[in-house]
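Asker: Just final-v5.cif, nothing more (mmCIF, C-alpha atoms):
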data_my_file
#
loop_
_atom_site.label_atom_id
_atom_site.label_comp_id
_atom_site.auth_asym_id
_atom_site.auth_seq_id
_atom_site.Cartn_x
_atom_site.Cartn_y
_atom_site.Cartn_z
CA MET A 12 0.00 0.00 0.00
CA ASP A 13 1.21 3.49 -0.85
CA THR A 14 0.73 6.30 1.61
CA LEU A 15 2.21 9.42 3.14
CA ALA A 16 3.63 8.87 6.63
CA TRP A 17 5.28 10.67 9.50
CA ILE A 18 8.02 8.91 11.40
CA LEU A 19 7.18 8.83 15.10
CA HIS A 20 9.98 6.65 16.42
CA VAL A 21 12.87 4.54 15.16
CA ARG A 22 14.69 1.82 17.06
CA PRO A 23 17.24 -0.83 16.03
CA PHE A 24 15.76 -4.25 15.31
CA LYS A 25 17.95 -7.32 14.90
CA ASP A 26 21.22 -6.54 13.22
CA GLN A 27 20.42 -4.97 9.92
CA CYS A 28 16.95 -3.60 10.50
CA LEU A 29 15.08 -0.72 12.03
CA LEU A 30 11.68 -0.91 13.68
CA ILE A 31 9.75 2.22 12.78
CA ASP A 32 6.51 3.57 14.23
CA LEU A 33 4.73 5.65 11.62
CA LEU A 34 1.62 7.79 11.54
CA THR A 35 0.19 7.14 8.08
CA GLN A 36 -2.42 9.11 6.21
CA SER A 37 -4.35 6.05 5.08
CA SER A 38 -4.05 3.55 7.94
CA GLY A 39 -3.35 5.40 11.19
CA LYS A 40 -0.40 4.16 13.21
CA ILE A 41 1.61 1.29 11.76
CA THR A 42 4.87 -0.36 12.75
CA GLY A 43 7.19 -1.30 9.93
CA VAL A 44 10.59 -2.83 9.36
CA ALA A 45 13.18 -1.23 7.08
CA TYR A 46 16.71 -2.25 6.24
CA ARG A 47 19.39 0.08 7.47
CA LYS A 48 22.01 -1.25 5.10
CA LYS A 49 21.43 1.56 2.70
CA LYS A 50 23.44 4.57 3.79
CA SER A 51 20.89 6.96 2.31
CA ASN A 52 18.23 5.57 4.67
CA ALA A 53 20.03 6.98 7.71
CA ALA A 54 19.06 10.59 7.04
CA LEU A 55 15.56 9.66 5.81
CA LEU A 56 14.61 7.49 8.73
CA GLN A 57 14.59 10.12 11.44
CA PRO A 58 11.55 11.24 13.43
CA PHE A 59 9.61 14.27 12.11
CA ASN A 60 10.31 13.48 8.44
CA GLN A 61 7.28 13.17 6.23
CA LEU A 62 7.80 10.27 3.83
CA TYR A 63 6.14 8.61 0.91
CA ILE A 64 6.20 4.89 1.67
CA HIS A 65 5.11 1.65 0.15
CA TRP A 66 4.42 -1.09 2.66
CA GLN A 67 3.38 -4.71 2.58
CA GLY A 68 2.02 -7.08 5.17
CA GLU A 69 -1.28 -8.12 6.68
CA LYS A 70 -0.11 -8.63 10.25
CA TYR A 71 1.01 -6.25 13.00
CA LEU A 72 4.49 -5.76 11.53
CA LYS A 73 4.69 -4.31 8.01
CA THR A 74 7.62 -4.37 5.62
CA LEU A 75 8.61 -0.98 4.24
CA LYS A 76 9.47 -1.48 0.59
CA LYS A 77 9.91 2.00 -0.76
CA ILE A 78 10.80 5.12 1.17
CA GLU A 79 11.06 8.59 -0.29
CA ILE A 80 11.25 11.86 1.53
CA MET A 81 8.44 14.36 0.97
CA MET A 82 9.20 17.03 3.56
CA PRO A 83 12.11 17.09 6.00
CA PHE A 84 11.33 18.95 9.20
CA PHE A 85 14.20 20.27 11.27
CA LEU A 86 13.05 20.88 14.81
CA LYS A 87 15.39 22.67 17.16
CA LYS A 88 15.74 23.53 20.82
CA GLN A 89 12.54 23.32 22.89
CA TYR A 90 10.54 22.74 19.69
CA LEU A 91 12.46 19.49 19.26
CA LEU A 92 11.67 18.39 22.81
CA ALA A 93 8.00 19.30 22.28
CA GLY A 94 8.08 17.15 19.12
CA LEU A 95 9.51 14.23 21.09
CA TYR A 96 6.70 14.66 23.63
CA LEU A 97 4.11 14.64 20.86
CA ASN A 98 5.56 11.50 19.27
CA GLU A 99 5.77 9.66 22.58
CA LEU A 100 2.13 10.54 23.23
CA LEU A 101 1.02 9.20 19.84
CA VAL A 102 3.13 6.04 20.05
CA LYS A 103 1.64 5.24 23.44
CA VAL A 104 -2.03 6.13 22.96
CA LEU A 105 -2.75 5.14 19.37
CA SER A 106 -3.56 1.54 18.57
CA HIS A 107 -2.71 -0.13 15.28
CA THR A 108 -6.20 -0.43 13.91
CA ASP A 109 -7.46 3.07 13.61
CA ALA A 110 -7.27 5.29 10.52
CA MET A 111 -7.54 8.81 11.85
CA PRO A 112 -7.46 11.54 9.24
CA GLU A 113 -8.15 14.26 11.84
CA ILE A 114 -5.04 13.35 13.81
CA TRP A 115 -3.00 13.45 10.61
CA THR A 116 -4.20 17.00 9.86
CA HIS A 117 -3.64 18.28 13.40
CA TYR A 118 -0.21 16.65 13.58
CA GLU A 119 0.81 18.26 10.29
CA GLN A 120 -0.30 21.69 11.53
CA LEU A 121 1.66 21.25 14.75
CA MET A 122 4.79 20.16 12.86
CA HIS A 123 4.65 23.34 10.77
CA HIS A 124 4.28 25.30 13.98
CA LEU A 125 7.24 23.61 15.64
CA SER A 126 9.53 23.81 12.63
CA ASN A 127 8.75 27.51 12.22
CA GLN A 128 9.57 27.97 15.92
CA LEU A 129 6.17 29.50 16.72
CA SER A 130 4.65 29.40 20.20
CA PHE A 131 3.30 25.92 20.70
CA ASN A 132 1.96 25.42 24.24
CA ALA A 133 -1.64 26.37 23.41
CA HIS A 134 -1.52 24.27 20.24
CA LEU A 135 -0.21 21.25 22.15
CA ARG A 136 -3.15 21.54 24.59
CA LEU A 137 -5.66 21.79 21.72
CA PHE A 138 -4.04 18.78 20.02
CA GLU A 139 -4.37 16.76 23.25
CA LYS A 140 -8.01 17.87 23.60
CA LYS A 141 -8.82 16.78 20.04
CA LEU A 142 -6.90 13.54 20.47
CA LEU A 143 -8.91 12.74 23.61
CA ALA A 144 -12.15 13.42 21.73
CA ILE A 145 -11.13 11.24 18.76
CA LEU A 146 -10.20 8.39 21.08
CA GLY A 147 -13.58 8.56 22.82
CA TYR A 148 -12.42 10.37 25.95
CA ALA A 149 -13.80 13.83 25.08
CA LEU A 150 -13.65 16.30 27.97
CA PRO A 151 -17.17 17.17 29.21
CA LEU A 152 -16.48 20.92 29.48
CA THR A 153 -20.04 22.24 29.49
CA HIS A 154 -21.79 20.04 32.03
CA GLU A 155 -21.05 18.59 35.44
CA ALA A 156 -20.43 14.88 35.84
CA LYS A 157 -23.37 12.76 37.01
CA SER A 158 -25.81 15.63 37.76
CA ASN A 159 -25.40 17.01 34.21
CA THR A 160 -25.94 20.57 35.52
CA PRO A 161 -24.44 23.20 33.17
CA ILE A 162 -21.03 24.51 34.25
CA GLN A 163 -21.39 27.93 35.92
CA PRO A 164 -18.71 30.56 35.14
CA ASN A 165 -18.53 31.73 38.75
CA ALA A 166 -18.48 28.29 40.38
CA HIS A 167 -15.41 26.12 41.05
CA TYR A 168 -14.83 22.53 40.01
CA TYR A 169 -12.43 19.63 40.34
CA PHE A 170 -11.66 16.99 37.73
CA THR A 171 -11.67 13.22 37.92
CA ALA A 172 -10.42 11.15 34.96
CA ASN A 173 -13.07 8.97 33.26
CA GLU A 174 -15.84 10.89 35.05
CA GLY A 175 -15.63 14.64 34.54
CA PHE A 176 -15.93 17.85 36.55
CA TYR A 177 -17.58 18.09 39.97
CA ARG A 178 -18.62 21.31 41.66
CA ILE A 179 -16.65 22.22 44.78
CA ASN A 180 -19.05 23.27 47.52
CA HIS A 181 -16.65 23.55 50.45
CA ALA A 182 -13.50 25.62 50.45
CA THR A 183 -11.68 22.84 52.31
CA GLU A 184 -11.59 20.43 49.33
CA THR A 185 -7.98 19.41 48.68
CA LYS A 186 -8.44 18.76 44.96
CA LYS A 187 -7.03 21.13 42.34
CA ILE A 188 -9.58 23.93 41.96
CA ILE A 189 -10.67 24.82 38.42
CA PRO A 190 -12.86 27.90 37.83
CA GLY A 191 -15.98 27.40 35.69
CA TRP A 192 -15.22 30.27 33.31
CA LEU A 193 -11.93 28.54 32.42
CA LEU A 194 -13.75 25.36 31.38
CA LEU A 195 -16.17 27.33 29.22
CA GLN A 196 -13.28 29.22 27.65
CA TYR A 197 -11.51 25.91 26.96
CA HIS A 198 -14.71 24.56 25.40
CA GLU A 199 -14.48 27.42 22.88
CA ASP A 200 -10.84 26.45 22.13
CA ASN A 201 -9.81 29.83 23.48
CA ILE A 202 -6.49 29.24 25.25
CA THR A 203 -4.59 32.08 26.83
CA LEU A 204 -1.15 31.65 28.40
CA ASN A 205 -2.45 32.26 31.94
CA ILE A 206 -4.83 29.29 31.84
CA GLU A 207 -2.54 26.93 29.90
CA PRO A 208 -0.93 25.26 32.98
CA ILE A 209 -4.38 24.24 34.34
CA LEU A 210 -5.39 22.89 30.93
CA LYS A 211 -2.17 20.87 30.90
CA TYR A 212 -3.19 19.39 34.27
CA ILE A 213 -6.72 18.58 32.97
CA ASN A 214 -5.40 16.94 29.77
CA GLN A 215 -2.74 14.94 31.58
CA THR A 216 -5.25 13.70 34.15
CA ALA A 217 -7.72 12.79 31.40
CA MET A 218 -5.03 10.89 29.48
CA MET A 219 -3.95 8.81 32.47
CA PRO A 220 -6.36 5.90 31.76
CA LEU A 221 -5.13 5.80 28.15
CA LEU A 222 -1.52 5.68 29.30
CA GLY A 223 -2.09 2.93 31.83
CA TYR A 224 -1.75 5.48 34.69
CA LYS A 225 1.94 5.97 33.88
CA PRO A 226 2.93 9.55 32.99
CA LEU A 227 4.83 10.10 29.76
CA ASN A 228 8.61 10.03 30.16
CA SER A 229 8.87 13.30 28.21
CA SER A 230 6.69 15.02 30.82
CA LEU A 231 8.89 13.66 33.61
CA PHE A 232 12.18 14.57 31.92
CA PHE A 233 11.26 18.01 30.62
CA SER A 234 8.51 19.34 32.88
CA ASN A 235 10.53 20.68 35.80
CA LYS A 236 12.92 22.48 33.47
CA THR A 237 12.55 25.76 31.70
CA LEU A 238 12.40 23.81 28.44
CA PHE A 239 8.70 23.89 27.80
CA ILE A 240 8.22 27.50 28.82
CA GLU A 241 8.45 29.97 26.02
CA MET B 25 18.93 -35.07 16.77
CA ASN B 26 21.80 -32.72 17.36
CA ILE B 27 25.11 -34.13 16.19
CA PHE B 28 27.22 -32.09 18.63
CA PRO B 29 27.81 -32.75 22.35
CA ALA B 30 26.00 -30.48 24.81
CA SER B 31 29.08 -28.34 25.55
CA VAL B 32 29.64 -27.61 21.84
CA GLN B 33 25.97 -26.77 21.41
CA GLN B 34 26.27 -24.36 24.31
CA LEU B 35 29.37 -22.78 22.75
CA ILE B 36 27.54 -22.29 19.45
CA LYS B 37 24.62 -20.68 21.28
CA SER B 38 27.04 -18.39 23.13
CA PHE B 39 28.64 -17.17 19.89
CA MET B 40 25.15 -16.22 18.76
CA TYR B 41 25.11 -13.55 21.50
CA LEU B 42 27.44 -11.50 19.27
CA PRO B 43 25.87 -8.95 16.94
CA GLY B 44 25.43 -10.16 13.36
CA ILE B 45 26.13 -13.80 14.20
CA GLY B 46 23.51 -16.36 13.27
CA PRO B 47 23.53 -20.16 13.85
CA LYS B 48 25.66 -20.96 10.79
CA SER B 49 28.42 -18.44 11.55
CA ALA B 50 28.34 -19.40 15.25
CA GLU B 51 28.84 -23.06 14.34
CA ARG B 52 31.75 -22.16 12.04
CA MET B 53 33.42 -20.12 14.79
CA ALA B 54 32.98 -22.83 17.41
CA LEU B 55 34.32 -25.59 15.15
CA TYR B 56 37.20 -23.39 14.00
CA LEU B 57 38.39 -22.86 17.57
CA LEU B 58 37.72 -26.38 18.83
CA GLY B 59 38.97 -28.25 15.80
CA ARG B 60 41.89 -26.26 14.46
CA TYR B 61 43.09 -23.75 17.02
CA PRO B 62 42.32 -24.89 20.59
CA ALA B 63 45.13 -22.66 21.94
CA LYS B 64 43.54 -19.58 20.42
CA GLY B 65 40.22 -20.69 21.88
CA LYS B 66 41.82 -20.88 25.32
CA THR B 67 43.28 -17.38 24.93
CA LEU B 68 39.87 -16.06 23.84
CA ALA B 69 38.15 -17.69 26.82
CA ASP B 70 40.76 -16.34 29.26
CA SER B 71 40.74 -12.80 27.90
CA LEU B 72 36.95 -12.69 27.93
CA SER B 73 36.72 -13.86 31.49
CA THR B 74 39.53 -11.50 32.65
CA ALA B 75 37.93 -8.53 30.89
CA LEU B 76 34.50 -9.28 32.37
CA GLU B 77 36.02 -9.61 35.82
CA LYS B 78 38.27 -6.56 35.77
CA VAL B 79 36.59 -3.98 33.60
CA SER B 80 34.09 -1.53 35.01
CA TYR B 81 33.43 2.14 34.38
CA CYS B 82 35.68 5.12 35.09
CA LEU B 83 34.27 7.16 37.96
CA ARG B 84 34.97 10.42 36.19
CA CYS B 85 34.03 9.83 32.53
CA ARG B 86 32.15 6.48 32.49
CA HIS B 87 34.55 5.03 29.89
CA PHE B 88 35.64 1.40 30.34
CA SER B 89 38.37 1.12 32.93
CA GLU B 90 40.16 -1.41 35.13
CA LYS B 91 40.90 1.17 37.80
CA GLU B 92 38.90 3.98 39.37
CA LEU B 93 40.12 6.33 36.63
CA CYS B 94 40.46 5.24 33.00
CA VAL B 95 43.60 5.59 30.85
CA ILE B 96 42.43 8.92 29.42
CA CYS B 97 41.40 10.49 32.73
CA SER B 98 44.74 9.50 34.35
CA ASP B 99 46.72 11.12 31.52
CA SER B 100 47.86 14.47 32.92
CA THR B 101 49.30 15.68 29.59
CA ARG B 102 45.82 16.25 28.13
CA ASP B 103 44.16 19.65 27.90
CA GLU B 104 42.01 19.87 31.01
CA ARG B 105 40.11 22.88 29.70
CA LEU B 106 38.32 20.72 27.10
CA LEU B 107 35.59 18.17 27.72
CA CYS B 108 34.00 16.21 24.89
CA ILE B 109 30.65 14.53 25.49
CA VAL B 110 30.01 11.39 23.43
CA GLU B 111 27.22 8.82 23.34
CA THR B 112 29.23 5.60 23.48
CA ALA B 113 32.73 4.21 24.03
CA SER B 114 32.89 3.53 20.26
CA ASP B 115 32.30 7.23 19.62
CA LEU B 116 35.12 8.03 22.05
CA SER B 117 37.37 5.65 20.13
CA ALA B 118 36.41 7.33 16.83
CA MET B 119 37.21 10.77 18.26
CA GLU B 120 40.58 9.55 19.50
CA GLN B 121 41.42 8.04 16.11
CA SER B 122 40.64 11.36 14.42
CA GLY B 123 43.79 12.62 16.12
CA GLY B 124 42.40 16.16 16.35
CA TYR B 125 41.38 16.18 19.99
CA ASN B 126 43.49 16.18 23.11
CA GLY B 127 41.05 16.90 25.93
CA TYR B 128 39.02 14.70 28.25
CA TYR B 129 35.73 12.92 27.64
CA PHE B 130 32.42 12.04 29.22
CA VAL B 131 30.55 8.97 27.93
CA LEU B 132 26.75 9.17 28.25
CA MET B 133 26.28 5.45 27.42
CA GLY B 134 23.15 6.30 25.42
CA ARG B 135 21.13 9.25 24.28
CA LEU B 136 18.03 10.98 25.49
CA SER B 137 15.04 9.00 24.25
CA PRO B 138 11.84 9.47 26.27
CA ILE B 139 9.91 6.78 24.36
CA ASP B 140 12.57 4.21 25.28
CA GLY B 141 12.71 5.46 28.87
CA VAL B 142 16.23 6.88 28.64
CA GLY B 143 16.40 10.11 30.63
CA PRO B 144 18.93 12.36 32.39
CA GLU B 145 19.55 9.85 35.19
CA GLU B 146 20.42 6.98 32.83
CA LEU B 147 22.88 9.25 31.01
CA GLY B 148 24.74 10.15 34.20
CA LEU B 149 23.98 13.84 33.86
CA THR B 150 23.85 14.38 37.61
CA VAL B 151 27.46 13.14 37.88
CA LEU B 152 28.54 15.27 34.93
CA LEU B 153 26.89 18.47 36.12
CA SER B 154 28.16 18.16 39.67
CA GLN B 155 31.69 17.53 38.33
CA LEU B 156 31.54 20.58 36.08
CA ALA B 157 30.17 22.75 38.87
CA SER B 158 32.67 21.66 41.54
CA GLU B 159 35.93 21.29 39.59
CA LYS B 160 35.75 24.45 37.47
CA ARG B 161 38.68 23.40 35.27
CA VAL B 162 36.70 22.90 32.06
CA HIS B 163 36.38 26.00 29.82
CA GLU B 164 34.74 24.45 26.79
CA VAL B 165 32.33 21.55 26.49
CA ILE B 166 32.16 19.96 23.03
CA LEU B 167 28.87 18.18 22.38
CA ALA B 168 29.73 15.26 20.11
CA THR B 169 26.43 13.40 20.32
CA ASN B 170 25.32 11.84 17.04
CA SER B 171 23.64 13.81 14.30
CA THR B 172 20.30 12.10 14.87
CA ILE B 173 17.09 13.46 16.37
CA GLU B 174 17.89 11.91 19.74
CA GLY B 175 21.51 13.09 19.57
CA GLU B 176 20.33 16.62 18.83
CA ALA B 177 17.77 16.50 21.66
CA THR B 178 20.50 15.27 24.04
CA ALA B 179 22.74 18.16 22.98
CA TYR B 180 19.98 20.72 23.52
CA PHE B 181 19.07 19.22 26.89
CA LEU B 182 22.74 19.42 27.96
CA VAL B 183 23.09 23.03 26.85
CA ASP B 184 20.00 23.93 28.82
CA GLN B 185 21.32 22.19 31.92
CA MET B 186 24.75 23.81 31.62
CA LYS B 187 23.67 27.38 30.96
CA THR B 188 24.00 28.41 34.59
CA LEU B 189 27.62 27.17 34.71
CA GLY B 190 28.96 29.89 32.39
CA LEU B 191 30.83 27.49 30.11
CA LYS B 192 31.54 27.78 26.42
CA VAL B 193 29.49 25.02 24.80
CA SER B 194 30.11 23.95 21.19
CA ARG B 195 28.63 21.29 18.93
CA LEU B 196 30.30 19.25 16.17
CA ALA B 197 29.51 20.69 12.73
CA ASN B 198 27.41 18.85 10.13
CA GLY B 199 28.74 19.01 6.61
CA VAL B 200 30.27 17.62 3.46
CA PRO B 201 32.21 14.39 4.13
CA LEU B 202 35.81 14.39 2.89
CA GLY B 203 36.12 13.01 -0.64
CA SER B 204 32.40 13.16 -1.37
CA GLU B 205 30.53 14.85 -4.21
CA LEU B 206 27.65 17.25 -3.68
CA GLU B 207 25.58 15.52 -6.35
CA TYR B 208 25.25 12.40 -4.21
CA MET B 209 24.79 14.04 -0.82
CA ASP B 210 21.47 13.97 0.98
CA LYS B 211 19.62 17.28 1.03
CA GLY B 212 19.48 17.58 4.81
CA THR B 213 23.27 17.38 5.19
CA LEU B 214 23.75 19.82 2.35
CA THR B 215 21.39 22.31 4.04
CA CYS B 216 23.33 21.96 7.30
CA ALA B 217 26.65 22.39 5.45
CA LEU B 218 25.35 25.58 3.91
CA ASP B 219 24.06 26.88 7.25
CA GLN B 220 27.35 26.13 8.97
CA ARG B 221 29.68 27.36 6.18
CA HIS B 222 32.77 29.17 7.34
CA ILE B 223 34.90 32.00 6.01
CA PHE B 224 37.47 30.60 3.58
CA GLU B 225 40.69 32.53 4.01
CA SER B 226 43.51 32.76 1.54
#
Represent the structure of the file as structure tokens.
Answerer:
Amino acid sequence: MDTLAWILHVRPFKDQCLLIDLLTQSSGKITGVAYRKKKSNAALLQPFNQLYIHWQGEKYLKTLKKIEIMMPFFLKKQYLLAGLYLNELLVKVLSHTDAMPEIWTHYEQLMHHLSNQLSFNAHLRLFEKKLLAILGYALPLTHEAKSNTPIQPNAHYYFTANEGFYRINHATETKKIIPGWLLLQYHEDNITLNIEPILKYINQTAMMPLLGYKPLNSSLFFSNKTLFIE
Amino acid sequence: MNIFPASVQQLIKSFMYLPGIGPKSAERMALYLLGRYPAKGKTLADSLSTALEKVSYCLRCRHFSEKELCVICSDSTRDERLLCIVETASDLSAMEQSGGYNGYYFVLMGRLSPIDGVGPEELGLTVLLSQLASEKRVHEVILATNSTIEGEATAYFLVDQMKTLGLKVSRLANGVPLGSELEYMDKGTLTCALDQRHIFES
């Protein structure tokens, strides 16, 4: 099958091969094997390159027959680390059976953003939000969990993964407090820098069940540094 | 039915631990040593067991060493103002063979790769940063991690960690390999070579 594909991750496999996780336009995430004998493959087979590939195989592991570069993306500095975070997220949450054209489009937009060294924090949060929705874990930003009461801008809420937002009635609650207006603003995809850290917390909490309750390594390695702050 | 005794079968299996060695090559190696050169086989066995017993990592640079400090770190004639950071001991060996470097090294034994779970701790960055901060003899750190995405990310991560130390930090250039022709070079390398071009003086 011929398709366009983004390289998400490359690792050595046996002696002469590479195991490559790809996000393809036609078939979602696939894992393929390519020979690394060819010297020219070394520069092609790097994460963030958009390739034209031909692959074969019915099972989990595909064989990459033809690889041509369409668009090389050179990410630098914190944009590179953000790209690694994005790829780790996709490798860990996407399964092998889903074709997801929306993810392809959003990923492409983000790559352009990162390679042009534009501010990316808000875009990362929106990507996570859309990813959650596509995977069936959409954030219920307009209504409370269980009671289904509309979210009030002046009220305060806390978030539980898999359930949603609950109104905080007593000031003594130890949970992270999220103002209602922020949720409504997030529902409109309106992200300002001051609310971004709380949205990061909401997204990360919501993604926990998808990640098997293990945080992403990129978040652990890069979060306490200045790296992700623009 | 296997035609070889158990010990020979085990030897063949052991040779298959080596990279690039399949059952056929492993069998050839085992029979070569057992049948024709048993003395060489003995030497190989002895040197392997001695090396495994004696060799550990240098406390300063994490290169292979039999003592606390490796051969390079105990060499006082080297330029102590330079520190080159490499991914593996093979990279260190390549740098040494280039003949153009006379400083000290630090071997990361890997590169930053969040997906594979390799982070700052696994790369010994705590040791490196505390050494740089306490000893204050290094003036320039040369980042010689590979020209791959992970190598680049490792280099950026290191620069970020070292910015409070006030050191000069440089990175190996990417460019045209000696003896190569532009026509056959990949576009990415050519772009880097153009970006990193230098003034050509007469």
Asker: Residues of chain B no more than 7 Å from chain A, counting all atoms listed in the file: send them over as a ChimeraX atom specification.
Answerer: /B:43-44,138-139,141,143,172-173,177,180
Asker: Would you list the contacts of Tyr148 in chain A as a PyMOL selection string, taking every protein, DNA or RNA residue within 10 Å and counting all atoms listed in the file, but skipping same-chain residues closer than 5 positions in sequence?
Answerer: chain A and resi 140-143+172-174+217-218+220-221
Asker: Quick one, how far is CA of Ser38 in chain B from CA of Ala63 in chain B?
Answerer: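 We find that CA of Ser38 in chain B and CA of Ala63 in chain B lie 18.6 Å from each other.
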Asker: So what does the PyMOL selection byres ((chain A and resi 193) around 12) actually pick up in this one, as a JSON list (two decimals) with C-alpha atoms, in the frame of the given file?
Answerer:
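As a result, out_19.json now contains:
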[["chain", "number", "residue", "atom", "x", "y", "z"],
["A", 152, "LEU", "CA", -16.48, 20.92, 29.48],
["A", 153, "THR", "CA", -20.04, 22.24, 29.49],
["A", 162, "ILE", "CA", -21.03, 24.51, 34.25],
["A", 163, "GLN", "CA", -21.39, 27.93, 35.92],
["A", 164, "PRO", "CA", -18.71, 30.56, 35.14],
["A", 165, "ASN", "CA", -18.53, 31.73, 38.75],
["A", 166, "ALA", "CA", -18.48, 28.29, 40.38],
["A", 167, "HIS", "CA", -15.41, 26.12, 41.05],
["A", 168, "TYR", "CA", -14.83, 22.53, 40.01],
["A", 169, "TYR", "CA", -12.43, 19.63, 40.34],
["A", 188, "ILE", "CA", -9.58, 23.93, 41.96],
["A", 189, "ILE", "CA", -10.67, 24.82, 38.42],
["A", 190, "PRO", "CA", -12.86, 27.90, 37.83],
["A", 191, "GLY", "CA", -15.98, 27.40, 35.69],
["A", 192, "TRP", "CA", -15.22, 30.27, 33.31],
["A", 194, "LEU", "CA", -13.75, 25.36, 31.38],
["A", 195, "LEU", "CA", -16.17, 27.33, 29.22],
["A", 196, "GLN", "CA", -13.28, 29.22, 27.65],
["A", 197, "TYR", "CA", -11.51, 25.91, 26.96],
["A", 198, "HIS", "CA", -14.71, 24.56, 25.40],
["A", 199, "GLU", "CA", -14.48, 27.42, 22.88],
["A", 200, "ASP", "CA", -10.84, 26.45, 22.13],
["A", 201, "ASN", "CA", -9.81, 29.83, 23.48],
["A", 202, "ILE", "CA", -6.49, 29.24, 25.25],
["A", 203, "THR", "CA", -4.59, 32.08, 26.83],
["A", 204, "LEU", "CA", -1.15, 31.65, 28.40],
["A", 205, "ASN", "CA", -2.45, 32.26, 31.94],
["A", 206, "ILE", "CA", -4.83, 29.29, 31.84],
["A", 207, "GLU", "CA", -2.54, 26.93, 29.90],
["A", 208, "PRO", "CA", -0.93, 25.26, 32.98],
["A", 209, "ILE", "CA", -4.38, 24.24, 34.34],
["A", 210, "LEU", "CA", -5.39, 22.89, 30.93],
["A", 213, "ILE", "CA", -6.72, 18.58, 32.97]]
Asker: Which distance in Å separates CA of Arg105 in chain B and CA of His163 in chain B, to one decimal?
Answerer: 4.9 Å
Asker: CA of Leu93 in chain B and CA of Tyr81 in chain B are how many Å apart?
Answerer: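 Between CA of Leu93 in chain B and CA of Tyr81 in chain B the gap is 8.2 Å.
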Asker: Please work out which residues fall within 12 Å of (31.9, -1.8, 25.1), coordinates as given in the file, with all atoms listed in the file counting, and return them as a list of chain:residue names.
Answerer: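 Final list of nearby residues, as requested, is B:Ala75, B:Leu76, B:Val79, B:Ser80, B:Tyr81, B:Arg86, B:His87, B:Phe88, B:Ser89, B:Glu111, B:Thr112, B:Ala113, B:Ser114, B:Asp115, B:Leu116, B:Ser117, B:Val131, B:Met133, B:Gly134.
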Asker: I want to know what sits within 8 Å of Met82 in chain A, based on all atoms listed in the file, with residues of the same chain fewer than 3 positions away left out; could you give that as a VMD selection string?
Answerer: chain A and resid 60 to 62
Asker: Name all residues at most 12 Å from Val110 in chain B (count all atoms listed in the file; drop same-chain ones fewer than 4 positions away) and give them as a VMD selection string.
Answerer: chain B and resid 85 to 87 114 to 120 128 to 135 147 165 to 171 175 to 176 178 to 179 182 195 to 196
Asker: Of the candidates A:Asn214, A:Thr14, A:Thr35, A:Thr171, which one gets nearest to Leu135 in chain A if we count only C-alpha atoms?
Answerer: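 The shortest atom-to-atom distance to Leu135 in chain A comes from A:Asn214.
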Asker: Could the centre and edge lengths of an axis-aligned box, enclosing all atoms of range 115-121 of chain A in the file with 8 Å extra on each side, be given in Å to one decimal as AutoDock Vina command-line options?
Answerer:
--center_x -1.3 --center_y 17.6 --center_z 12.3 --size_x 21.9 --size_y 24.2 --size_z 20.9
Asker: Can you tell me which residues surround His117 in chain A at a distance of at most 12 Å, considering all atoms listed in the file, apart from same-chain residues fewer than 2 positions away, and format the answer as number ranges by chain?
Answerer: A: 34, 36, 97, 111-115, 119-124, 134-142, 145
Asker: From the options B:Arg52, B:Val183, B:Glu90, B:Val151, which residue's atoms come nearest to Phe39 in chain B, counting only C-alpha atoms?
Answerer: B:Arg52
Asker: For Leu152 in chain B, which residue out of B:Gln185, B:Ser98, B:Thr74, B:Asn26 is the nearest one, using all atoms listed in the file?
Answerer: B:Gln185
Asker: Taking the file as shown, find all residues satisfying the PyMOL selection byres ((chain B and resi 125) around 10) and write them as a list in words.
Answerer: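 Written out, the selection comes to Arg102, Asp103, Leu106, Leu107, Cys108, Met119, Glu120, Gln121, Ser122, Gly123, Gly124, Asn126, Gly127 and Tyr128 of chain B.
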Asker: Suppose a student applies the PyMOL selection byres ((chain A and resi 109) around 9) to this structure; what residues should they get, written as number ranges by chain?
Answerer: A: 38-40, 105-108, 110-111
Asker: Mind checking which residues fall within 6 Å of range 208-224 of chain B, counting only C-alpha atoms, ignoring those fewer than 3 positions away in the same chain, and posting them as JSON, numbers by chain?
Answerer: {"B": [198, 199, 205]}
